[in-house]
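**Student:** Below is one structure. I have some questions about it.
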Amino acid sequence: SRSVSLFLPPTSFSVFGFPSLLRRTPTACSDTQPRHNLVALKSTRTPLEAANMTMEKRQLLLISNSTNHGSGYLDHCESAMTTFLASAGGETEILFIPFANPDQEGYTNKFRARMQKMGFSVTGLNEADNPIEAVKSAKAFFVGGGNTFLLLRELQRLQLVHAIRDAVMAGVPYIGTSAGSNVACRTINTTNDMPIVQPTSFSALKLVPFNYNAHYLDADPGSQHKGETREQRLREFHQVSNVPVIGVREGSMLAVHGYSMRLQGLQPARIFKADAEPVEVAPGADLTSVLEEMRAVEEALLQQAEAERPLLDLVSDRLSLTKAALGSKIEGVKQTEGFQKASEGLSASLESTGSLLRGWTESASAAMSRQVDAVKSSETYQRVAEKTTAAGEAISQASSKAVSSVKAAVGVDEPPADVVEPTEPIANQPESVSI
């Protein structure tokens with residue numbers, strides 16, 4: 001059993017908002033600071049395990065985009081992915097996480113078809129009966145691109161954040177494209193996506209100690225667009241946060257092995273830090289120093305994430321117990337005499353209502369028939385019927401007289417006796433005459 005003492009203001013705590021438990025000022029965006037005031041909250045790890053958590057075994061390939069201009073889906077990074085997975089143990093089974101796309105089934109099928117051409121087998125996390133167990137048994141992760149807010153919201157909803165982090169810390173390789181790269185970082189605050197859904201917080205997987213800006217785009221000097229450039233937006237972020245950001249242009253990616261990191265691909269990247277000018281780095285650049293200089297910060301992040309884990313587990317347990325208790329309560333209510341009587345009463349009431357409706361329908365039909373019969377037998381109806389019949393006869397007689405008059409006028413009542421009907425048709429003579 002867990003010993004838990006919570007000292008939280010009621011207005012600052014949300015059952016699902018455990019990554020951000022206390023209200024903070026806008027300038028306190030550095031997630032290395034304590035976020036809660038929890039006392040005697042026991043972790044599932046031993047003190048020694050918690051003190052020695054590192055990312056020495058992590059293996060990440062964070063790709064900016066899945067499709068390059070002029071090429072097909074994953075074509076530009078196929079070689080890099082194959083090399084990465086070979087160096088990460090040669091795994092050929094991939095757990096695909098399609099949650100950034102609303103059409104999870106279609107996205108999984110598209111990814112599966114592409115990876116099968118490369119010799120890999122794919123299981124979609126959306127296809128798993130137990131997502132947490134699927135993550136725990138995964139041999140390799142691929143987190144697809146799409147909407148970063150939707151992706152993180154689903155990871156939080158399914159309680160997969162800690163499970164994925166644990167797997168990566170144990171050495172399970174992780175590949176992300178676009179949103180999948182964004183969510184691997186400290187927060188998703190530097191994504192380009194629209195917030196089409198609301199995650200419980202912007203705190204992400206924390207697999208690296210910086211933020212990622214996918215599809216980084218340089219300003220076009222000749223453009224007439226007056227909105228903020230990407231660089232301006234990232235500088236705005238650094239007005240309220242000290243988290244470094246790496247802007248990775250399309251066609252490039254970051255390969256991370258433990259505490260070493262290298263930029264791969266076709267395009268240079270741009271590193272942004274608070275109170276410093278951006279630094280341009282060329283493809284192939286060794287960026288290990290970025291990880292090394294933030295190692296202490298990263299370890300603090302892991303400690304903080306571990307401190308939040310018991311609360312997550314506690315809330316998860318409480319939710320599961322509440323769900324089970326509610327189900328049991330419902331079943332119990334169904335078995336009570338009062339529920340049975342109410343059910344029987346409802347059935348009888350429905351039957352009575354049905355009978356009443358049928359009676360109303362039959363009565364209405366009979367009343368309508370009587371009304372029709374009454375109309376037919378009325379004096380007015382009879383007079384109308386007689387006048388209608390007389391009018392019909394008059395019209396018929398007038399029509400006959402008119403036809404007779406026309407025939408008499410053209411002399412076609414009786415043919416002359418000396419006229420012999422021809423036995424053969426005369427050439428160019430019409431066979432009949434229409435009047």
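Order determines the names: the first chain of the structure tokens is A, the second B, and so forth; residues in each chain are numbered 1 upward, and ligands are numbered 1 upward as they are shown.
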Determine, using only C-alpha atoms, which residues of range 195-252 of chain A have any atom at most 9 Å from an atom of range 160-170 of chain A, and tabulate each with its shortest atom pair and distance in Å to one decimal place, rows ordered by chain and then rising number, as CSV.
**Tutor:**
residue,atom,partner,partner_atom,distance
A:Ala204,CA,A:Val161,CA,7.5
A:Leu205,CA,A:Val161,CA,5.9
A:Lys206,CA,A:Arg165,CA,7.6
A:Leu207,CA,A:Arg165,CA,6.7
**Student:** I need the residues in range 66-285 of chain A that are helix (DSSP H, G or I) according to DSSP; give them as a VMD selection string.
**Tutor:** chain A and resid 78 to 87 104 to 116 125 to 127 131 to 136 148 to 157 161 to 169 179 to 182 230 to 237
**Student:** To test your reading of the structure, identify every residue in range 236-429 of chain A that backbone DSSP assigns to strand (DSSP E or B), and report it as a short mmCIF file (atom, residue, chain, number, x, y, z; two decimals) with N, CA and C atoms, in the first residue's frame.
**Tutor:**
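That gives us part-v5.cif:
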data_model
loop_
_atom_site.label_atom_id
_atom_site.label_comp_id
_atom_site.auth_asym_id
_atom_site.auth_seq_id
_atom_site.Cartn_x
_atom_site.Cartn_y
_atom_site.Cartn_z
N VAL A 245 15.91 25.01 -27.96
CA VAL A 245 15.11 24.48 -29.07
C VAL A 245 16.03 24.24 -30.26
N ILE A 246 15.87 23.07 -30.90
CA ILE A 246 16.61 22.80 -32.13
C ILE A 246 15.60 22.78 -33.27
N GLY A 247 15.77 23.73 -34.20
CA GLY A 247 14.92 23.77 -35.38
C GLY A 247 15.53 22.90 -36.47
N VAL A 248 14.83 21.84 -36.84
CA VAL A 248 15.35 20.87 -37.80
C VAL A 248 14.60 21.03 -39.12
N SER A 252 16.14 16.46 -42.68
CA SER A 252 17.18 16.20 -41.69
C SER A 252 16.60 15.58 -40.44
N MET A 253 17.49 15.11 -39.56
CA MET A 253 17.06 14.39 -38.36
C MET A 253 18.17 14.40 -37.33
N LEU A 254 17.80 14.13 -36.07
CA LEU A 254 18.76 14.01 -34.98
C LEU A 254 18.86 12.55 -34.58
N ALA A 255 20.09 12.02 -34.57
CA ALA A 255 20.33 10.65 -34.11
C ALA A 255 20.97 10.72 -32.73
N VAL A 256 20.31 10.13 -31.74
CA VAL A 256 20.78 10.19 -30.36
C VAL A 256 21.08 8.78 -29.87
N HIS A 257 22.29 8.59 -29.35
CA HIS A 257 22.69 7.32 -28.75
C HIS A 257 23.28 7.64 -27.38
N SER A 260 25.34 10.96 -26.75
CA SER A 260 25.92 11.50 -27.98
C SER A 260 24.80 11.80 -28.97
N MET A 261 24.99 12.83 -29.78
CA MET A 261 23.95 13.23 -30.73
C MET A 261 24.60 13.80 -31.97
N ARG A 262 24.02 13.48 -33.14
CA ARG A 262 24.56 13.96 -34.40
C ARG A 262 23.42 14.36 -35.32
N LEU A 263 23.65 15.44 -36.09
CA LEU A 263 22.67 15.87 -37.08
C LEU A 263 22.91 15.10 -38.38
N GLN A 264 21.87 14.43 -38.87
CA GLN A 264 21.96 13.69 -40.13
C GLN A 264 20.99 14.28 -41.15
N GLY A 265 21.24 13.97 -42.42
CA GLY A 265 20.33 14.41 -43.47
C GLY A 265 20.92 15.43 -44.42
N ALA A 269 20.74 22.57 -39.33
CA ALA A 269 19.75 22.83 -38.27
C ALA A 269 20.12 24.13 -37.58
N ARG A 270 19.20 24.61 -36.75
CA ARG A 270 19.41 25.90 -36.08
C ARG A 270 19.10 25.72 -34.60
N ILE A 271 20.05 26.07 -33.74
CA ILE A 271 19.89 25.89 -32.30
C ILE A 271 19.57 27.24 -31.66
N PHE A 272 18.47 27.25 -30.90
CA PHE A 272 18.01 28.47 -30.23
C PHE A 272 18.15 28.29 -28.72
N VAL A 279 22.33 29.55 -33.45
CA VAL A 279 23.56 28.98 -34.00
C VAL A 279 23.19 27.99 -35.10
N GLU A 280 23.80 28.15 -36.27
CA GLU A 280 23.58 27.26 -37.41
C GLU A 280 24.57 26.10 -37.35
N VAL A 281 24.07 24.86 -37.52
CA VAL A 281 24.96 23.69 -37.51
C VAL A 281 24.75 22.92 -38.80
N ASP A 286 28.46 17.08 -34.94
CA ASP A 286 28.39 16.37 -33.67
C ASP A 286 27.80 17.33 -32.63
#
**Student:** Name all residues at most 7 Å from Gly124 in chain A (count only C-alpha atoms; drop same-chain ones fewer than 4 positions away) and give them as a CSV table (one decimal) with C-alpha atoms, in the first residue's frame.
**Tutor:**
chain,number,residue,atom,x,y,z
A,95,LEU,CA,5.1,-0.9,-32.6
A,96,PHE,CA,3.6,2.0,-34.5
A,97,ILE,CA,1.9,4.8,-32.6
A,108,THR,CA,-1.4,2.3,-39.5
